[in-house]
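Structure file upload_6.pdb (PDB, C-alpha atoms) follows.
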ATOM      1  CA  MET A1263       2.251   9.831  19.791
ATOM      2  CA  PRO A1264       2.771   6.387  21.361
ATOM      3  CA  VAL A1265       1.824   3.473  19.112
ATOM      4  CA  GLU A1266      -0.066   0.583  20.668
ATOM      5  CA  ASN A1267      -2.650  -0.636  18.148
ATOM      6  CA  ILE A1268      -1.782  -1.460  14.529
ATOM      7  CA  LEU A1269      -4.011  -2.587  11.668
ATOM      8  CA  ASP A1270      -2.390  -4.365   8.728
ATOM      9  CA  VAL A1271      -4.546  -4.112   5.598
ATOM     10  CA  GLY A1272      -4.230  -6.820   2.956
ATOM     11  CA  THR A1273      -2.086  -9.187   4.994
ATOM     12  CA  GLY A1274      -2.386 -12.111   2.582
ATOM     13  CA  LYS A1275       0.003 -14.893   3.616
ATOM     14  CA  SER A1276       2.513 -12.492   5.200
ATOM     15  CA  ALA A1277       4.127 -12.898   8.616
ATOM     16  CA  TRP A1278       4.235  -9.084   9.051
ATOM     17  CA  PRO A1279       1.463  -8.955  11.739
ATOM     18  CA  HIS A1280       3.192 -11.701  13.725
ATOM     19  CA  LEU A1281       6.485  -9.795  13.577
ATOM     20  CA  LEU A1282       4.754  -6.631  14.842
ATOM     21  CA  THR A1283       3.172  -8.613  17.674
ATOM     22  CA  THR A1284       6.568  -9.937  18.758
ATOM     23  CA  CYS A1285       7.667  -6.292  18.985
ATOM     24  CA  GLY A1286       4.921  -5.663  21.572
ATOM     25  CA  TYR A1287       2.137  -4.125  19.462
ATOM     26  CA  ARG A1288      -1.515  -5.158  19.490
ATOM     27  CA  VAL A1289      -2.212  -6.063  15.864
ATOM     28  CA  VAL A1290      -5.286  -6.794  13.785
ATOM     29  CA  ALA A1291      -4.680  -8.291  10.336
ATOM     30  CA  MET A1292      -7.404  -7.562   7.762
ATOM     31  CA  ASP A1293      -7.911  -9.055   4.315
ATOM     32  CA  GLN A1294     -10.753 -10.065   2.041
ATOM     33  CA  VAL A1295      -9.122 -13.504   1.863
ATOM     34  CA  LYS A1296     -10.846 -14.656  -1.334
ATOM     35  CA  ASP A1297     -10.166 -11.813  -3.784
ATOM     36  CA  TYR A1298      -6.455 -11.572  -4.522
ATOM     37  CA  TRP A1299      -5.003 -14.940  -3.516
ATOM     38  CA  GLY A1300      -8.113 -17.062  -3.835
ATOM     39  CA  SER A1301      -9.128 -18.837  -0.645
ATOM     40  CA  TYR A1302      -6.119 -19.291   1.644
ATOM     41  CA  PHE A1303      -4.965 -19.696   5.212
ATOM     42  CA  ASN A1304      -2.344 -17.462   6.855
ATOM     43  CA  ARG A1305      -0.226 -19.808   8.959
ATOM     44  CA  HIS A1306       1.396 -16.896  10.803
ATOM     45  CA  TYR A1307      -1.550 -14.869  12.062
ATOM     46  CA  LYS A1308      -5.355 -14.863  12.366
ATOM     47  CA  ILE A1309      -6.955 -12.792   9.601
ATOM     48  CA  THR A1310     -10.073 -10.677  10.160
ATOM     49  CA  VAL A1311     -12.113 -10.934   6.970
ATOM     50  CA  ASP A1312     -13.213  -7.413   6.008
ATOM     51  CA  ASP A1313     -13.229  -4.949   3.105
ATOM     52  CA  ILE A1314     -11.173  -1.783   3.677
ATOM     53  CA  THR A1315     -13.286   0.133   1.122
ATOM     54  CA  ASP A1316     -16.260  -0.300   3.507
ATOM     55  CA  PRO A1317     -14.861  -1.605   6.798
ATOM     56  CA  ALA A1318     -17.140  -3.251   9.333
ATOM     57  CA  ILE A1319     -14.445  -3.393  12.017
ATOM     58  CA  ASP A1320     -15.273  -1.136  14.975
ATOM     59  CA  HIS A1321     -11.915  -0.140  16.418
ATOM     60  CA  GLU A1322      -9.425   2.724  16.091
ATOM     61  CA  PHE A1323      -5.744   2.208  15.359
ATOM     62  CA  ASP A1324      -2.676   4.368  15.961
ATOM     63  CA  VAL A1325      -0.995   3.076  12.787
ATOM     64  CA  ILE A1326      -2.354   1.326   9.721
ATOM     65  CA  THR A1327       0.035  -0.490   7.385
ATOM     66  CA  CYS A1328      -0.910  -1.326   3.813
ATOM     67  CA  LEU A1329       2.193  -2.711   2.125
ATOM     68  CA  SER A1330       2.090  -3.516  -1.589
ATOM     69  CA  VAL A1331      -1.708  -3.861  -1.491
ATOM     70  CA  LEU A1332      -3.347  -0.515  -2.392
ATOM     71  CA  GLU A1333      -2.332  -0.847  -6.061
ATOM     72  CA  HIS A1334      -4.577  -3.929  -6.314
ATOM     73  CA  ILE A1335      -7.713  -2.154  -5.000
ATOM     74  CA  PRO A1336      -9.568  -0.538  -7.925
ATOM     75  CA  ASN A1337     -11.377   1.969  -5.670
ATOM     76  CA  HIS A1338      -8.225   3.286  -4.009
ATOM     77  CA  VAL A1339      -9.901   6.488  -2.779
ATOM     78  CA  ALA A1340     -12.496   4.428  -0.858
ATOM     79  CA  ALA A1341      -9.674   2.271   0.550
ATOM     80  CA  ILE A1342      -7.802   5.340   1.850
ATOM     81  CA  ALA A1343     -11.069   6.735   3.248
ATOM     82  CA  GLY A1344     -11.720   3.397   4.965
ATOM     83  CA  MET A1345      -8.252   3.469   6.515
ATOM     84  CA  LYS A1346      -8.691   7.078   7.645
ATOM     85  CA  SER A1347     -12.021   6.175   9.295
ATOM     86  CA  LEU A1348     -10.170   3.672  11.496
ATOM     87  CA  LEU A1349      -7.320   5.990  12.572
ATOM     88  CA  THR A1350      -6.999   7.591  15.966
ATOM     89  CA  PRO A1351      -6.616  11.396  15.766
ATOM     90  CA  GLY A1352      -3.059  12.120  14.639
ATOM     91  CA  GLY A1353      -2.554   8.488  13.566
ATOM     92  CA  SER A1354      -0.492   7.348  10.577
ATOM     93  CA  ILE A1355      -1.096   5.271   7.461
ATOM     94  CA  VAL A1356       2.066   3.590   6.137
ATOM     95  CA  LEU A1357       1.836   2.615   2.464
ATOM     96  CA  SER A1358       4.069   1.163  -0.228
ATOM     97  CA  PHE A1359       3.084   0.879  -3.890
ATOM     98  CA  PRO A1360       4.288   1.308  -7.485
ATOM     99  CA  TYR A1361       4.727   5.018  -8.148
ATOM    100  CA  ASN A1362       5.549   7.498 -10.872
ATOM    101  CA  GLU A1363       5.693  11.162  -9.880
ATOM    102  CA  ARG A1364       3.916  12.404 -13.025
ATOM    103  CA  ARG A1365       1.842   9.581 -14.503
ATOM    104  CA  TYR A1366      -0.929   7.314 -13.178
ATOM    105  CA  ASN A1367      -1.552   3.935 -14.813
ATOM    106  CA  PRO A1368      -4.750   1.993 -14.001
ATOM    107  CA  ASN A1369      -3.149  -1.406 -14.754
ATOM    108  CA  ILE A1370       0.545  -1.506 -15.562
ATOM    109  CA  TYR A1371       0.343  -5.165 -16.606
ATOM    110  CA  GLU A1372      -1.685  -4.187 -19.679
ATOM    111  CA  GLU A1373       1.264  -2.151 -21.011
ATOM    112  CA  ALA A1374       3.326  -3.708 -23.817
ATOM    113  CA  SER A1375       6.522  -2.646 -22.013
ATOM    114  CA  SER A1376       5.702  -4.602 -18.837
ATOM    115  CA  THR A1377       8.215  -7.377 -18.283
ATOM    116  CA  TYR A1378       5.746  -9.535 -16.304
ATOM    117  CA  GLY A1379       2.183  -9.709 -14.974
ATOM    118  CA  GLN A1380       0.230  -9.951 -18.225
ATOM    119  CA  ASP A1381      -1.539 -13.115 -16.964
ATOM    120  CA  ALA A1382      -2.425 -11.624 -13.570
ATOM    121  CA  SER A1383      -6.072 -11.882 -12.543
ATOM    122  CA  PHE A1384      -5.852  -8.574 -10.656
ATOM    123  CA  VAL A1385      -5.037  -4.956 -11.480
ATOM    124  CA  THR A1386      -1.798  -3.306 -10.463
ATOM    125  CA  GLN A1387      -2.074   0.458 -10.515
ATOM    126  CA  VAL A1388       0.857   2.848 -10.589
ATOM    127  CA  PHE A1389      -0.070   5.914  -8.550
ATOM    128  CA  SER A1390       1.205   9.449  -9.109
ATOM    129  CA  ARG A1391       1.398  12.712  -7.147
ATOM    130  CA  GLU A1392      -2.132  13.522  -8.325
ATOM    131  CA  GLU A1393      -3.590  10.468  -6.512
ATOM    132  CA  VAL A1394      -1.603  11.187  -3.345
ATOM    133  CA  ASN A1395      -2.865  14.787  -3.370
ATOM    134  CA  CYS A1396      -6.422  13.531  -3.922
ATOM    135  CA  TRP A1397      -6.217  11.156  -0.926
ATOM    136  CA  CYS A1398      -4.938  13.991   1.248
ATOM    137  CA  ARG A1399      -7.616  16.402   0.087
ATOM    138  CA  GLU A1400     -10.532  13.923   0.221
ATOM    139  CA  CYS A1401      -9.572  12.333   3.540
ATOM    140  CA  ASP A1402      -8.027  15.249   5.464
ATOM    141  CA  LEU A1403      -4.544  13.712   5.538
ATOM    142  CA  TYR A1404      -1.077  15.082   4.888
ATOM    143  CA  VAL A1405       2.188  13.554   3.722
ATOM    144  CA  LYS A1406       4.445  13.199   6.756
ATOM    145  CA  ASP A1407       7.236  11.379   4.909
ATOM    146  CA  GLN A1408       7.899   9.843   1.500
ATOM    147  CA  LYS A1409      10.805   7.789   0.165
ATOM    148  CA  TYR A1410      11.407   6.779  -3.448
ATOM    149  CA  PHE A1411      12.997   3.603  -4.796
ATOM    150  CA  LYS A1412      14.309   2.372  -8.119
ATOM    151  CA  GLY A1413      13.459  -1.253  -8.835
ATOM    152  CA  PHE A1414      13.622  -1.225 -12.636
ATOM    153  CA  THR A1415      15.685   0.473 -15.335
ATOM    154  CA  GLY A1416      12.595   1.815 -17.169
ATOM    155  CA  GLU A1417      10.232   4.688 -16.489
ATOM    156  CA  MET A1418       7.439   2.661 -14.853
ATOM    157  CA  TRP A1419       7.016  -0.346 -12.554
ATOM    158  CA  THR A1420       7.890  -3.536 -14.518
ATOM    159  CA  PHE A1421       9.556  -1.578 -17.386
ATOM    160  CA  GLY A1422      13.113  -2.610 -18.236
ATOM    161  CA  GLU A1423      15.440  -4.799 -16.215
ATOM    162  CA  ARG A1424      15.004  -5.392 -12.484
ATOM    163  CA  VAL A1425      17.389  -3.531 -10.190
ATOM    164  CA  MET A1426      18.464  -5.847  -7.379
ATOM    165  CA  PRO A1427      18.697  -4.861  -4.649
ATOM    166  CA  VAL A1428      16.255  -1.992  -4.993
ATOM    167  CA  GLU A1429      18.035   1.382  -4.757
ATOM    168  CA  GLU A1430      16.887   4.443  -2.866
ATOM    169  CA  ALA A1431      16.162   7.304  -5.269
ATOM    170  CA  SER A1432      14.723  10.810  -5.067
ATOM    171  CA  GLN A1433      11.624  12.553  -6.323
ATOM    172  CA  ASP A1434      13.658  13.945  -9.224
ATOM    173  CA  THR A1435      15.485  10.756 -10.252
ATOM    174  CA  LEU A1436      14.213   7.543 -11.842
ATOM    175  CA  HIS A1437      11.986   5.637  -9.403
ATOM    176  CA  GLN A1438       9.086   3.183  -9.657
ATOM    177  CA  LEU A1439       8.159   2.573  -6.022
ATOM    178  CA  THR A1440       7.367   4.704  -3.017
ATOM    179  CA  CYS A1441       6.929   4.259   0.719
ATOM    180  CA  LEU A1442       4.658   6.914   2.121
ATOM    181  CA  VAL A1443       3.444   7.953   5.563
ATOM    182  CA  LEU A1444       0.124   9.835   5.606
ATOM    183  CA  ASN A1445      -0.985  11.407   8.870
ATOM    184  CA  ALA A1446      -4.442  12.364  10.041
ATOM    185  CA  ARG A1447      -4.915  16.028  10.817
TER     186      ARG A1447
END
If you convert what's in this file into structure tokens, what do you get?
Amino acid sequence: MPVENILDVGTGKSAWPHLLTTCGYRVVAMDQVKDYWGSYFNRHYKITVDDITDPAIDHEFDVITCLSVLEHIPNHVAAIAGMKSLLTPGGSIVLSFPYNERRYNPNIYEEASSTYGQDASFVTQVFSREEVNCWCRECDLYVKDQKYFKGFTGEMWTFGERVMPVEEASQDTLHQLTCLVLNAR
């Protein structure tokens, strides 16, 4: 399927939408602006203020990117449903987030083993296979591709020493991060 229109969810201060535009895509950047970062201005790209858990935007997109954002949205099922509602038939949602194959954590920064984040004013969830399966079931999506990465020496995101640069891993080896492509049926 040819990709023309891309939505970036949770852009923050990132230049990602600008980079996509320079590659020839039509891009909309969406963020709530005041929740995560406090009030801010993105110097790289115009932000459409909207809530992905109940989007007001009236447009369909071939691809939706949500990079290192979903873990900060408490109602992640509503966020995935909001993204799915904006996809063209057969479109893709590209996600990255902290991940553990077997165990969900509603806020990793509350764990004693976390090496940072205890003062964060936002949640950081670690999703598991169960959440991915739920999103697919609830939103009529399927996993098209998934990659795993090791960024720490411990079992979960922020546990142990940082691994720099991040290393590609597998489903069966130690990993704390995933990049996932979900496709609409």
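Using all atoms listed in the file, the residues found no farther than 8 Å from A:Ala1431, other than those of its own chain fewer than 2 positions away, are Lys1409, Tyr1410, Phe1411, Lys1412, Glu1429, Gln1433, Thr1435, Leu1436 and His1437 of chain A.
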Writing out the chosen residues with C-alpha atoms as a short mmCIF file (atom, residue, chain, number, x, y, z; two decimals), in the coordinates of the input:
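Just written: selection-v4.cif:
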data_model
loop_
_atom_site.label_atom_id
_atom_site.label_comp_id
_atom_site.auth_asym_id
_atom_site.auth_seq_id
_atom_site.Cartn_x
_atom_site.Cartn_y
_atom_site.Cartn_z
CA LYS A 1409 10.80 7.79 0.16
CA TYR A 1410 11.41 6.78 -3.45
CA PHE A 1411 13.00 3.60 -4.80
CA LYS A 1412 14.31 2.37 -8.12
CA GLU A 1429 18.04 1.38 -4.76
CA GLN A 1433 11.62 12.55 -6.32
CA THR A 1435 15.48 10.76 -10.25
CA LEU A 1436 14.21 7.54 -11.84
CA HIS A 1437 11.99 5.64 -9.40
#
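Restricting the calculation to only C-alpha atoms, the smallest distance between A:Glu1266 and any of A:Gln1408, A:Thr1350, A:Thr1315, A:Thr1310 is found for A:Thr1350.
With distances restricted to only C-alpha atoms, A:Val1394 is the closest residue to A:Arg1365 from A:Leu1349, A:Val1394, A:Ala1340, A:Ala1277.
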Could you give me, as CSV, every stretch 1320-1365 of chain A residue with an atom at most 9 Å from stretch 1414-1421 of chain A, plus its closest atom pair and distance in Å to one decimal, counting only C-alpha atoms, rows ordered by chain then number?
residue,atom,partner,partner_atom,distance
A:Pro1360,CA,A:Trp1419,CA,6.0
A:Tyr1361,CA,A:Trp1419,CA,7.3
A:Asn1362,CA,A:Met1418,CA,6.5
A:Arg1365,CA,A:Met1418,CA,8.9
At a cut-off of 8 Å, using all atoms listed in the file, what residues contact A:Lys1275? Leave out same-chain residues fewer than 4 positions from it and give the result as a VMD selection string. chain A and resid 1302 to 1306
Next, write the just-selected residues to a file, as a CSV table (one decimal), keeping the file's coordinate frame, keeping C-alpha atoms as the atom set.
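Full text of again.csv as output:
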chain,number,residue,atom,x,y,z
A,1302,TYR,CA,-6.1,-19.3,1.6
A,1303,PHE,CA,-5.0,-19.7,5.2
A,1304,ASN,CA,-2.3,-17.5,6.9
A,1305,ARG,CA,-0.2,-19.8,9.0
A,1306,HIS,CA,1.4,-16.9,10.8
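Separating atom CA of A:Arg1399 from atom CA of A:Pro1264 is a distance of 25.7 Å.
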N, CA and C atoms are needed for stretch 1265-1277 of chain A; please write them out as a compact mmCIF listing (two decimals), in the frame of the given file.
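The result, stored in out38.txt:
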# COMPACT_ATOMS: atom_id res chain seq x y z
N VAL A 1265 2.53 4.44 19.96
CA VAL A 1265 1.82 3.47 19.11
C VAL A 1265 1.57 2.21 19.91
N GLU A 1266 0.30 1.82 19.99
CA GLU A 1266 -0.07 0.58 20.67
C GLU A 1266 -0.81 -0.37 19.74
N ASN A 1267 -1.77 0.18 18.98
CA ASN A 1267 -2.65 -0.64 18.15
C ASN A 1267 -2.34 -0.41 16.67
N ILE A 1268 -2.11 -1.52 15.95
CA ILE A 1268 -1.78 -1.46 14.53
C ILE A 1268 -2.76 -2.34 13.75
N LEU A 1269 -3.21 -1.82 12.62
CA LEU A 1269 -4.01 -2.59 11.67
C LEU A 1269 -3.15 -2.82 10.43
N ASP A 1270 -3.05 -4.06 9.99
CA ASP A 1270 -2.39 -4.36 8.73
C ASP A 1270 -3.46 -4.72 7.71
N VAL A 1271 -3.53 -3.94 6.64
CA VAL A 1271 -4.55 -4.11 5.60
C VAL A 1271 -3.96 -4.94 4.46
N GLY A 1272 -4.67 -5.99 4.08
CA GLY A 1272 -4.23 -6.82 2.96
C GLY A 1272 -3.09 -7.74 3.33
N THR A 1273 -3.17 -8.36 4.46
CA THR A 1273 -2.09 -9.19 4.99
C THR A 1273 -1.70 -10.34 4.08
N GLY A 1274 -2.69 -10.95 3.42
CA GLY A 1274 -2.39 -12.11 2.58
C GLY A 1274 -1.77 -13.22 3.42
N LYS A 1275 -0.68 -13.79 2.92
CA LYS A 1275 0.00 -14.89 3.62
C LYS A 1275 1.20 -14.41 4.43
N SER A 1276 1.34 -13.11 4.58
CA SER A 1276 2.51 -12.49 5.20
C SER A 1276 2.62 -12.77 6.70
N ALA A 1277 3.85 -12.78 7.18
CA ALA A 1277 4.13 -12.90 8.62
C ALA A 1277 4.26 -11.52 9.28
